[in-house]
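*Asks:* Sending over a structure as structure tokens; questions will come in a sec.
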Amino acid sequence: MLPTIAFMKYRKVSALISLLLICIAIGSLATRGLNYGLDFTGGNMLELEYPQDVDTEQIRQQLVAAGIENAVVQHFGRASEVAIRVPPQADQPKQQAEQSIGSAGEQLFKIVQQADPNGEQIVLKRNEFVGPSLGEELRDDGGIALIVALGLMLIYIAFRFHYRFGIGAVAALFHDVIIVLGMFSLTQLSVDQSVLAAVLAVIGYSLNDTIVVADRVRENFRDNLDSDDSQGLIDLSINQTLSRTIFTSLTTLLVLMSLYLFGGESLRLFSVALIAGIVVGTYSSIYVASSVLLSLNISPDQFVDIEIAEYDDGLP
């Protein structure tokens, strides 16, 4: 039998690490902000098919030479297929951007054609735009979705287990979301709808891991109602679910690493956000949620009434 690891012995150290990471993340979000992508800022997106394989960096330099800044040029599918995303230019008023952004896509296509020796053979497969106002609406709705998700998780965990478990779970989820967003702020990686989807997926993954640990903690508390060693029972619960946590995280990370390496540019940011979220979420399900339980003075005797009520109802 493997020895029991005293995770909660180091909860103060882990709390300092988490506090430091959160402070860095919040500081970066407050000073640097997020580098919002085309989905949130508005702009044009073109999908082009070249007659031969093409270098994205060469296209990017052609656009810069034409006065188009901050263009994102990526391969999608084959090396001859290119997606170009251009946000509104910094010196362009918002109202003017909304009025002219449709024709800007056609002008952008002409610039690319004129800069390439085989420009007449380039095929325009897609020309779409997102207005700045719609981008702001998407950004605000995404933030609301995160807040609502955290609130619903708190209600569910509090109802399903105990209100202390709810507070611990939401603290862990808040911890994960802030650190992932802080990482994107520090690195200034583009934040688009795929990143928002990844953050929501991180919430679900982290919650699932936290629920597994919480369920085992509740079982051990019910089996030891006379015990006053809450820390020891929480350590036991974490150790009993540790193999499941490690194997789930490792297999998920293997899939995400494959997406990052071979999924192309369209899945790269999504993969980065999920990889960071899985690592932080695994850590928080072990330390953050459980440490909050101890800080709230949870103990086995608080489950006596629940045990009696279930017995009276004829439940096992």
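Chain labels run A, B, ... following the order of the structure tokens; each chain numbers its residues from 1, and ligands are numbered from 1 in the order shown.
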So that I can check the surroundings of A:Ser18, please list as a compact mmCIF listing (two decimals) with N, CA and C atoms, in the first residue's frame every protein, DNA and RNA residue that reaches within 9 Å of it, counting only C-alpha atoms and ignoring chain neighbours fewer than 4 positions away.

*Replies:*
# COMPACT_ATOMS: atom_id res chain seq x y z
N VAL A 13 2.00 27.03 2.29
CA VAL A 13 2.94 27.33 1.21
C VAL A 13 2.19 27.44 -0.12
N SER A 14 1.26 26.50 -0.34
CA SER A 14 0.48 26.54 -1.58
C SER A 14 -0.40 27.79 -1.64
N ILE A 22 -2.08 34.90 -8.38
CA ILE A 22 -3.28 35.70 -8.59
C ILE A 22 -2.95 37.19 -8.62
N CYS A 23 -2.07 37.63 -7.73
CA CYS A 23 -1.68 39.05 -7.71
C CYS A 23 -0.99 39.44 -9.01
N HIS A 175 -9.76 30.90 -9.00
CA HIS A 175 -8.30 30.79 -9.03
C HIS A 175 -7.83 30.37 -10.42
N ILE A 179 -5.84 32.93 -13.25
CA ILE A 179 -4.46 32.61 -13.62
C ILE A 179 -4.35 32.36 -15.13
N SER A 284 -5.36 23.13 -8.28
CA SER A 284 -6.37 23.77 -7.42
C SER A 284 -7.32 22.76 -6.80
N VAL A 288 -6.33 24.15 -3.47
CA VAL A 288 -7.15 25.32 -3.20
C VAL A 288 -8.47 24.95 -2.55

*Asks:* Just the alpha helix (DSSP H) stuff from stretch 61-298 of chain A, please, per backbone DSSP, written as a PyMOL selection string.

*Replies:* chain A and resi 61-65+94-115+132-160+163-187+193-223+230-262+265-286+288-295

*Asks:* Could you build a table of the residues in stretch 192-288 of chain A lying no more than 8 Å from stretch 139-157 of chain A, giving for each the nearest pair of atoms and their separation in Å rounded to one decimal place, using only C-alpha atoms, ordered by chain and ascending residue number, as CSV?

*Replies:*
residue,atom,partner,partner_atom,distance
A:Leu196,CA,A:Gly142,CA,7.0
A:Leu200,CA,A:Leu146,CA,6.9
A:Leu207,CA,A:Met153,CA,8.0
A:Ile211,CA,A:Ile157,CA,8.0

*Asks:* Using only C-alpha atoms, find each residue of stretch 166-263 of chain A with at least one atom at most 12 Å away from an atom of stretch 29-43 of chain A; report its shortest atom-to-atom pair and that distance in Å (one decimal), sort the rows by chain and rising residue number, and return the result as a Markdown table.

*Replies:*
| residue | atom | partner | partner_atom | distance |
| --- | --- | --- | --- | --- |
| A:Ile178 | CA | A:Leu29 | CA | 9.1 |
| A:Ile179 | CA | A:Leu29 | CA | 10.1 |
| A:Val180 | CA | A:Leu29 | CA | 10.9 |
| A:Leu181 | CA | A:Leu29 | CA | 7.8 |
| A:Gly182 | CA | A:Leu29 | CA | 6.1 |
| A:Met183 | CA | A:Leu29 | CA | 9.3 |
| A:Phe184 | CA | A:Leu34 | CA | 6.8 |
| A:Ser185 | CA | A:Leu34 | CA | 4.9 |
| A:Leu186 | CA | A:Arg32 | CA | 7.5 |
| A:Thr187 | CA | A:Asn35 | CA | 9.1 |
| A:Gln188 | CA | A:Asn35 | CA | 5.5 |
| A:Leu189 | CA | A:Asn35 | CA | 6.3 |
| A:Ser190 | CA | A:Asn35 | CA | 5.1 |
| A:Val191 | CA | A:Tyr36 | CA | 4.7 |
| A:Asp192 | CA | A:Gly37 | CA | 4.9 |
| A:Gln193 | CA | A:Asp39 | CA | 6.4 |
| A:Ser194 | CA | A:Asp39 | CA | 9.4 |
| A:Val195 | CA | A:Gly37 | CA | 9.8 |
| A:Leu196 | CA | A:Asp39 | CA | 10.6 |

*Asks:* Next, the residues of the selection above should be written as a PDB file, in the first residue's frame with N, CA and C atoms.

*Replies:*
ATOM      1  N   ILE A 178      -8.665  33.176 -13.295  1.00  0.00           N
ATOM      2  CA  ILE A 178      -7.822  34.368 -13.180  1.00  0.00           C
ATOM      3  C   ILE A 178      -6.402  34.076 -13.646  1.00  0.00           C
ATOM      4  N   ILE A 179      -5.845  32.928 -13.252  1.00  0.00           N
ATOM      5  CA  ILE A 179      -4.464  32.607 -13.624  1.00  0.00           C
ATOM      6  C   ILE A 179      -4.348  32.365 -15.127  1.00  0.00           C
ATOM      7  N   VAL A 180      -5.317  31.663 -15.725  1.00  0.00           N
ATOM      8  CA  VAL A 180      -5.266  31.429 -17.176  1.00  0.00           C
ATOM      9  C   VAL A 180      -5.369  32.748 -17.936  1.00  0.00           C
ATOM     10  N   LEU A 181      -6.315  33.616 -17.546  1.00  0.00           N
ATOM     11  CA  LEU A 181      -6.440  34.909 -18.206  1.00  0.00           C
ATOM     12  C   LEU A 181      -5.202  35.767 -17.956  1.00  0.00           C
ATOM     13  N   GLY A 182      -4.631  35.668 -16.755  1.00  0.00           N
ATOM     14  CA  GLY A 182      -3.407  36.407 -16.452  1.00  0.00           C
ATOM     15  C   GLY A 182      -2.251  35.964 -17.328  1.00  0.00           C
ATOM     16  N   MET A 183      -2.172  34.660 -17.617  1.00  0.00           N
ATOM     17  CA  MET A 183      -1.123  34.159 -18.497  1.00  0.00           C
ATOM     18  C   MET A 183      -1.268  34.749 -19.897  1.00  0.00           C
ATOM     19  N   PHE A 184      -2.508  34.842 -20.393  1.00  0.00           N
ATOM     20  CA  PHE A 184      -2.725  35.440 -21.710  1.00  0.00           C
ATOM     21  C   PHE A 184      -2.411  36.929 -21.690  1.00  0.00           C
ATOM     22  N   SER A 185      -2.665  37.587 -20.568  1.00  0.00           N
ATOM     23  CA  SER A 185      -2.340  39.008 -20.458  1.00  0.00           C
ATOM     24  C   SER A 185      -0.830  39.224 -20.448  1.00  0.00           C
ATOM     25  N   LEU A 186      -0.105  38.392 -19.700  1.00  0.00           N
ATOM     26  CA  LEU A 186       1.352  38.534 -19.624  1.00  0.00           C
ATOM     27  C   LEU A 186       2.009  38.274 -20.969  1.00  0.00           C
ATOM     28  N   THR A 187       1.563  37.244 -21.658  1.00  0.00           N
ATOM     29  CA  THR A 187       2.166  36.873 -22.933  1.00  0.00           C
ATOM     30  C   THR A 187       1.602  37.653 -24.106  1.00  0.00           C
ATOM     31  N   GLN A 188       0.463  38.342 -23.874  1.00  0.00           N
ATOM     32  CA  GLN A 188      -0.226  39.100 -24.920  1.00  0.00           C
ATOM     33  C   GLN A 188      -0.619  38.223 -26.106  1.00  0.00           C
ATOM     34  N   LEU A 189      -0.892  36.950 -25.829  1.00  0.00           N
ATOM     35  CA  LEU A 189      -1.464  36.087 -26.849  1.00  0.00           C
ATOM     36  C   LEU A 189      -2.882  36.560 -27.163  1.00  0.00           C
ATOM     37  N   SER A 190      -3.295  36.377 -28.385  1.00  0.00           N
ATOM     38  CA  SER A 190      -4.614  36.840 -28.806  1.00  0.00           C
ATOM     39  C   SER A 190      -5.723  36.063 -28.102  1.00  0.00           C
ATOM     40  N   VAL A 191      -6.740  36.768 -27.645  1.00  0.00           N
ATOM     41  CA  VAL A 191      -7.891  36.159 -26.978  1.00  0.00           C
ATOM     42  C   VAL A 191      -9.090  36.256 -27.906  1.00  0.00           C
ATOM     43  N   ASP A 192      -9.532  35.103 -28.409  1.00  0.00           N
ATOM     44  CA  ASP A 192     -10.693  35.078 -29.284  1.00  0.00           C
ATOM     45  C   ASP A 192     -11.749  34.144 -28.700  1.00  0.00           C
ATOM     46  N   GLN A 193     -12.759  33.798 -29.485  1.00  0.00           N
ATOM     47  CA  GLN A 193     -13.838  32.961 -28.975  1.00  0.00           C
ATOM     48  C   GLN A 193     -13.366  31.559 -28.620  1.00  0.00           C
ATOM     49  N   SER A 194     -12.340  31.061 -29.299  1.00  0.00           N
ATOM     50  CA  SER A 194     -11.827  29.730 -28.965  1.00  0.00           C
ATOM     51  C   SER A 194     -11.189  29.726 -27.581  1.00  0.00           C
ATOM     52  N   VAL A 195     -10.542  30.834 -27.213  1.00  0.00           N
ATOM     53  CA  VAL A 195      -9.954  30.934 -25.875  1.00  0.00           C
ATOM     54  C   VAL A 195     -11.048  31.013 -24.819  1.00  0.00           C
ATOM     55  N   LEU A 196     -12.107  31.776 -25.119  1.00  0.00           N
ATOM     56  CA  LEU A 196     -13.236  31.852 -24.191  1.00  0.00           C
ATOM     57  C   LEU A 196     -13.862  30.471 -24.000  1.00  0.00           C
TER      58      LEU A 196
END

*Asks:* Hey, which of A:Ile17, A:Ala158, A:Val112, A:Met8 ends up closest to A:Val64? Count only C-alpha atoms.

*Replies:*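 Checking each candidate against A:Val64, we get A:Val112 as the closest.
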
*Asks:* Between atom CA of A:Leu267 and atom CA of A:Ala169, what is the spacing in Å?

*Replies:*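 According to the coordinates, atom CA of A:Ala169 and atom CA of A:Leu267 are separated by 28.6 Å.
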
*Asks:* Set the distance at 6 Å and use only C-alpha atoms: which residues neighbour stretch 66-77 of chain A once local chain neighbours fewer than 6 positions away are removed? I'd like the list as a JSON list (two decimals) with C-alpha atoms, in the first residue's frame.

*Replies:*
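Result file is selection36.json:
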[["chain", "number", "residue", "atom", "x", "y", "z"],
["A", 56, "THR", "CA", 2.64, 33.48, -44.27],
["A", 83, "ALA", "CA", -6.56, 33.00, -43.46],
["A", 84, "ILE", "CA", -5.95, 36.73, -43.01],
["A", 85, "ARG", "CA", -7.46, 38.56, -40.03],
["A", 86, "VAL", "CA", -7.19, 42.33, -39.89]]

*Asks:* Quick one: everything within 12 Å of A:Ala289, counting only C-alpha atoms, minus sequence neighbours fewer than 3 positions away in the same chain. Send it as a PyMOL selection string.

*Replies:* chain A and resi 8+11+14-15+18+157+164-176+206-207+209-214+217+234+238+281-286+292-296

*Asks:* Please extract the residues of stretch 10-108 of chain A with a backbone DSSP assignment of strand (DSSP E) and present them as a list of chain:residue names.

*Replies:*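 In stretch 10-108 of chain A, DSSP puts these residues in strand (DSSP E): A:Asn35, A:Tyr36, A:Gly43, A:Asn44, A:Met45, A:Leu46, A:Glu47, A:Leu48, A:Glu49, A:Val72, A:Val73, A:Gln74, A:His75, A:Phe76, A:Arg78, A:Ala79, A:Ser80, A:Glu81, A:Val82, A:Ala83, A:Ile84, A:Arg85, A:Val86.
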
*Asks:* Name all residues at most 10 Å from A:Asn224 (count only C-alpha atoms; drop same-chain ones fewer than 2 positions away) and give them as a PyMOL selection string.

*Replies:* chain A and resi 218-222+226-230+233+299-301+303

*Asks:* Between atom CA of A:Lys9 and atom CA of A:Ser290, what distance in Å does the model show, to one decimal?

*Replies:*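 Answer for the atom CA of A:Lys9 to atom CA of A:Ser290 separation: 11.6 Å.
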
*Asks:* Tell me which protein, DNA and RNA residues are within 8 Å of stretch 245-262 of chain A, counting only C-alpha atoms, leaving out same-chain ones fewer than 5 positions away, and put them as JSON, numbers by chain.

*Replies:* {"A": [209, 267, 268, 271, 272, 274, 275, 278, 279, 282]}

*Asks:* Those same residues - C-alpha atoms - I'd like them written as a short mmCIF file (atom, residue, chain, number, x, y, z; two decimals), in the first residue's frame.

*Replies:*
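So the final result, stored in out-v2.cif, reads:
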data_model
loop_
_atom_site.label_atom_id
_atom_site.label_comp_id
_atom_site.auth_asym_id
_atom_site.auth_seq_id
_atom_site.Cartn_x
_atom_site.Cartn_y
_atom_site.Cartn_z
CA ASP A 209 -12.00 17.05 -10.47
CA LEU A 267 -6.50 25.29 -32.64
CA ARG A 268 -3.25 26.55 -31.14
CA SER A 271 -4.87 24.22 -26.89
CA VAL A 272 -2.64 26.65 -24.99
CA LEU A 274 -6.66 24.30 -22.05
CA ILE A 275 -3.14 23.06 -21.29
CA ILE A 278 -5.59 21.57 -16.89
CA VAL A 279 -2.31 22.10 -15.03
CA THR A 282 -5.33 19.83 -11.18
#
